[in-house]
Amino acid sequence: MTTMATPTQSAPETGAPVYNPKSESVGAKRAKSTVFHLAALVLTGIVLYPGLWMIASAFKPNSEIGGGNTSLWSENFSLDNFVTALDGIGGVSTMQFFTNSLILALGAVVGTILSASVSAYAFARIKFPGRSVFFGMMIATLLLPFHVVIIPQYIIFQQLGLVDTYIPLLIGKFLAADAFFVFLMVQFMRGLPAELDEAARIDGAGHVRIFGSIMLPLMKPALISTSIFSFIWSWNDFLGPLLYLNTPEKYPLPLALRLFQDQTQSSDYGAMIAMSVLALLPVLIFFLIFQRYIVEGVSTQGLKG
Amino acid sequence: MDARAGYTFLLPWLLGFIALTVGPMISSLYLSFTNYNLFEPPKWIGLDNYITLFQDERFLQSVGVTVGYVVFGTPLKLAAALAVAMLLNSKRRGQGFYRSAFYAPSLIGASVSIAIVWKAMFGDSGPVDQGLSFFGINLGGWVGNPTMTMPMFILLTVWQFGAPMVIFLAGLKQIPNELYEAASMDGAGPVRKFFNITWPMLSPVIFFNLLMETIHAFQIFASAFIISNGEGGPAGSTLFYTLYLYLRGFSDFRMGYASAMAWLLVIVVGIITLIFFKTSKSWVHYSGDSK
């Protein structure tokens with residue numbers, strides 16, 4: 001992984017600076033660096049503008065959001081929108097929606113960690129007939145549009161009387177249905193030295209011991225990535241709750257936002273945007289704390305956003 | 001070989017695979033040949049759903065909308081991702097900050113919150129319209145204008161260039177610097193370096209991003225639903241495939257029809273994946289040692 005520059009062999013050992021026609025002058029370097037930062041900063045401004053606009057608008061009175069106002073600043077910043085947003089919709093408080101989202105997201109994390117790690121261990125560390133076939137199928141499900149299963153799944157859960165419960169939304173997490181995380185953990189485990197298991201096996205440890213006391217502790221980075229991403233995906237999920245939940249008391253935040261949008265008919269943009277900010281807050285906090293982890297996770301494991 | 005332990009550990013995934021993927025896939029294939037409204041038993045109608053689909057103007061429109069989005073949005077997003085990754089691929093201060101800032105939209109871009117923000121930003125006298133008026137471009141609100149909704153969605157996906165960018169950046173770091181130095185020595189300019197070194201060396205990563213982003217783009221749903229109030233308007237210009245599938249299945253309860261749509265999507269995505277893999281041989285170069 002180290003990308004050390006190869007030492008230049010032509011450099012004499014005198015320590016005196018040698019004129020190198022290829023190296024740029026200090027001035028040119030500085031100019032290049034300025035151009036780089038200028039370009040990067042302009043781009044940062046563009047990329048962050050929607051987010052900043054959202055946050056600024058959440059504090060602005062309605063009259064300043066729609067009224068052709070591109071500015072991020074206002075003389076009239078206030079918390080009024082948040083007060084309205086926290087009231088909730090249809091007799092359900094926003095705290096309730098928050099709690100619902102949290103239950104679903106934590107359930108998703110626990111389920112995914114448990115099921116994906118166990119299944120990944122089978123793929124990565126146990127030799128059994130049919131393994132490569134199932135592994136191939138697992139990879140294939142990564143590419144499968146999940147819309148092909150939502151209708152029959154809905155019919156099944158409807159016949160079981162489970163519509164308007166959290167079970168349809170969570171059961172897949174406990175059955176490693178997000179193949180992505182299984183794949184991620186398999187890749188991670190394959191990177192761990194095989195001698196570890198062999199030594200443990202000589203000491204008489206079975207798979208349960210090897211998995212529990214050797215693999216799991218070493219898999220911490222993969223488990224953290226999985227937790228972060230399964231939390232955020234569940235937190236932002238819209239289609240699942242839209243299909244299965246009917247009572248507003250059970251709604252997570254994305255559905256609550258949609259309800260809010262329907263009921264206010266865009267008349268109270270300020271409150272709606274304040275609620276959007278509240279709904280994104282945990283994701284943003286997560287990102288600020290774990291940004292290194294998240295970005296590294298994406299670059300090494302090809303995780304999607 | 002350790003079959004018992006293997007299948008025991010595999011059990012969660014295996015159960016999910018059978019009960020939540022294979023089983024439903026088979027039953028939706030069956031349903032696609034029936035008329036089924038959830039309340040009466042399915043009635044076998046053969047290929048009627050598939051035949052009706054191709055005479056259904058709304059369906060054809062949803063195909064058009066989705067294909068337009070995939071064909072324009074994905075290459076633009078990847079071009080932005082690659083360009084910015086190349087800009088950032090240098091040892092300069094602040095690189096980590098920029099990388100994180102550019103990545104952030106990918107994490108929240110598909111959420112309902114951002115869809116609401118987008119709708120407000122591109123609405124009548126929203127900041128986008130206002131900003132453009134400043135340059136003398138008066139388009140009015142994009143949300144209500146059937147010709148401007150697609151650019152709005154494309155901008156939404158391009159805005160999320162951060163995820164593929166981070167993956168490109170990781171790929172760029174793997175390209176040995178000596179290659180560029182040697183090329184400079186031979187007098188190659190930046191354009192030649194790009195086409196003769198960067199592009200071929202990066203081609204496995206480009207392939208990965210292209211495949212994943214394309215498949216992903218077909219499945220856009222929440223943003224389309226929120227921005228069009230679940231209707232696909234104005235004038236059907238945001239009637240994305242998955243939105244129409246949802247409306248057919250869960251608003252009209254034409255489950256058989258929606259299943260046929262779902263299967264067509266699977267077939268199309270499958271064919272695209274196959275084409276990608278087949279054509280990849282001619283332009284994707286895997287160097288012997290790095291995977």
# chains A, B, ... in the order shown; residues from 1 in each chain; ligands from 1
>>> interface_residues(of="chain B", to="chain A", cutoff="7 Å", atoms="only C-alpha atoms", output="PyMOL selection string")
chain B and resi 1-3+6+9-10+12-13+15-17+20-21+24-25+27-28+98+100-102+106-107+111-113+117+125-127+130-131+159+163+166-167+170+222+226+255+259+262-263+266
>>> write_last_selection(atoms="C-alpha atoms", output="compact mmCIF listing (two decimals), in the first residue's frame")
# COMPACT_ATOMS: atom_id res chain seq x y z
CA MET B 1 -15.51 -30.15 3.40
CA ASP B 2 -17.69 -29.31 6.29
CA ALA B 3 -21.23 -29.33 4.97
CA GLY B 6 -21.26 -24.52 6.33
CA PHE B 9 -23.65 -20.64 9.30
CA LEU B 10 -25.14 -19.89 5.93
CA PRO B 12 -29.71 -16.76 7.68
CA TRP B 13 -28.66 -15.80 4.17
CA LEU B 15 -33.42 -18.54 4.30
CA GLY B 16 -33.57 -14.96 3.13
CA PHE B 17 -32.41 -15.91 -0.34
CA LEU B 20 -37.31 -13.17 0.09
CA THR B 21 -35.62 -13.44 -3.29
CA PRO B 24 -40.87 -14.00 -4.75
CA MET B 25 -39.07 -13.90 -8.10
CA SER B 27 -44.14 -15.95 -7.98
CA SER B 28 -43.83 -12.56 -9.63
CA TYR B 98 -12.51 18.42 -0.23
CA SER B 100 -15.35 14.59 2.36
CA ALA B 101 -17.25 17.70 1.26
CA PHE B 102 -17.75 16.31 -2.25
CA SER B 106 -23.96 10.94 -2.06
CA LEU B 107 -24.96 10.04 1.45
CA SER B 111 -33.43 11.00 0.76
CA VAL B 112 -36.86 12.56 0.99
CA SER B 113 -35.35 15.62 2.67
CA VAL B 117 -35.08 20.82 -0.90
CA SER B 125 -38.78 31.96 -7.87
CA GLY B 126 -36.60 29.49 -6.03
CA PRO B 127 -32.89 30.28 -5.76
CA GLN B 130 -33.39 33.59 -9.28
CA GLY B 131 -29.72 32.90 -9.78
CA TRP B 159 -24.63 16.44 -7.62
CA ALA B 163 -19.31 8.25 -4.31
CA VAL B 166 -13.95 8.52 -4.12
CA ILE B 167 -13.70 5.17 -5.88
CA ALA B 170 -8.60 5.22 -4.89
CA ALA B 222 -38.01 8.47 -3.67
CA ILE B 226 -41.62 13.38 -3.67
CA MET B 255 -50.34 -6.64 -9.35
CA SER B 259 -45.09 -7.83 -11.97
CA ALA B 262 -40.78 -5.69 -12.76
CA TRP B 263 -39.70 -8.67 -14.85
CA VAL B 266 -34.91 -7.41 -14.56
>>> residues_around(residues="Tyr241 (chain B)", least_positions_apart="3", cutoff="9 Å", atoms="only C-alpha atoms", output="PyMOL selection string")
chain B and resi 59+61-66+218-221+244-246+261+265
>>> write_last_selection(atoms="N, CA and C atoms", output="short mmCIF file (atom, residue, chain, number, x, y, z; two decimals), in the first residue's frame")
data_model
loop_
_atom_site.label_atom_id
_atom_site.label_comp_id
_atom_site.auth_asym_id
_atom_site.auth_seq_id
_atom_site.Cartn_x
_atom_site.Cartn_y
_atom_site.Cartn_z
N PHE B 59 -46.78 3.70 -19.99
CA PHE B 59 -45.62 2.81 -19.82
C PHE B 59 -44.49 3.25 -20.74
N GLN B 61 -43.98 6.07 -22.00
CA GLN B 61 -43.44 7.33 -21.53
C GLN B 61 -42.47 7.09 -20.36
N SER B 62 -42.85 6.19 -19.45
CA SER B 62 -41.98 5.93 -18.30
C SER B 62 -40.66 5.33 -18.76
N VAL B 63 -40.70 4.51 -19.81
CA VAL B 63 -39.45 3.97 -20.36
C VAL B 63 -38.60 5.11 -20.90
N GLY B 64 -39.24 6.01 -21.64
CA GLY B 64 -38.52 7.14 -22.22
C GLY B 64 -37.87 8.00 -21.15
N VAL B 65 -38.64 8.31 -20.12
CA VAL B 65 -38.12 9.15 -19.03
C VAL B 65 -36.92 8.48 -18.37
N THR B 66 -37.06 7.20 -18.08
CA THR B 66 -36.00 6.50 -17.36
C THR B 66 -34.76 6.34 -18.22
N PHE B 218 -31.49 3.16 -12.81
CA PHE B 218 -32.78 2.62 -13.22
C PHE B 218 -33.77 2.59 -12.06
N GLN B 219 -33.24 2.60 -10.85
CA GLN B 219 -34.11 2.36 -9.70
C GLN B 219 -34.47 3.61 -8.92
N ILE B 220 -34.23 4.77 -9.49
CA ILE B 220 -34.57 6.01 -8.79
C ILE B 220 -36.06 5.98 -8.43
N PHE B 221 -36.37 6.31 -7.17
CA PHE B 221 -37.77 6.29 -6.79
C PHE B 221 -38.17 7.45 -5.86
N TYR B 244 -44.01 4.39 -11.96
CA TYR B 244 -45.16 3.85 -12.67
C TYR B 244 -45.48 2.44 -12.17
N LEU B 245 -44.42 1.67 -11.92
CA LEU B 245 -44.61 0.32 -11.39
C LEU B 245 -45.35 0.39 -10.05
N TYR B 246 -44.90 1.30 -9.21
CA TYR B 246 -45.54 1.46 -7.90
C TYR B 246 -47.00 1.87 -8.06
N MET B 261 -44.04 -5.57 -15.40
CA MET B 261 -43.09 -4.45 -15.48
C MET B 261 -41.80 -4.77 -14.75
N LEU B 265 -37.98 -5.11 -16.26
CA LEU B 265 -36.84 -4.35 -15.73
C LEU B 265 -35.66 -5.29 -15.46
#
>>> select_by_dssp(residues="region 46-196 of chain B", states="alpha helix (DSSP H)", output="VMD selection string")
chain B and resid 48 to 53 57 to 68 74 to 88 95 to 108 112 to 121 127 to 134 149 to 159 162 to 173 177 to 185 190 to 193
>>> residues_around(residues="Ser234 (chain A)", least_positions_apart="3", cutoff="7 Å", atoms="only C-alpha atoms", output="list in words")
Leu104, Ala105, Ala108, Ser230, Phe231 and Asp237 of chain A
>>> residues_around(residues="region 70-82 of chain B", least_positions_apart="4", cutoff="6 Å", atoms="only C-alpha atoms", output="PyMOL selection string")
chain B and resi 154+158+161+164-165+217
>>> write_last_selection(atoms="N, CA and C atoms", output="short mmCIF file (atom, residue, chain, number, x, y, z; two decimals), in the first residue's frame")
data_model
loop_
_atom_site.label_atom_id
_atom_site.label_comp_id
_atom_site.auth_asym_id
_atom_site.auth_seq_id
_atom_site.Cartn_x
_atom_site.Cartn_y
_atom_site.Cartn_z
N ILE B 154 -31.32 15.26 -13.55
CA ILE B 154 -29.93 14.95 -13.93
C ILE B 154 -28.97 15.72 -13.03
N VAL B 158 -26.06 14.20 -10.79
CA VAL B 158 -24.67 14.66 -10.97
C VAL B 158 -24.13 15.23 -9.66
N PHE B 161 -21.96 13.07 -7.35
CA PHE B 161 -20.80 12.46 -8.00
C PHE B 161 -19.77 11.95 -7.00
N PRO B 164 -18.80 7.80 -6.70
CA PRO B 164 -17.87 7.29 -7.71
C PRO B 164 -16.54 8.03 -7.72
N MET B 165 -16.56 9.32 -7.34
CA MET B 165 -15.31 10.08 -7.31
C MET B 165 -14.31 9.46 -6.32
N ALA B 217 -29.22 3.80 -11.37
CA ALA B 217 -30.02 4.89 -11.95
C ALA B 217 -31.40 4.40 -12.38
#
>>> atom_distance(atom1="CA of Arg92 (chain B)", atom2="CA of Leu179 (chain B)")
20.6 Å
>>> atom_distance(atom1="CA of Tyr286 (chain B)", atom2="CA of Pro193 (chain A)")
25.2 Å
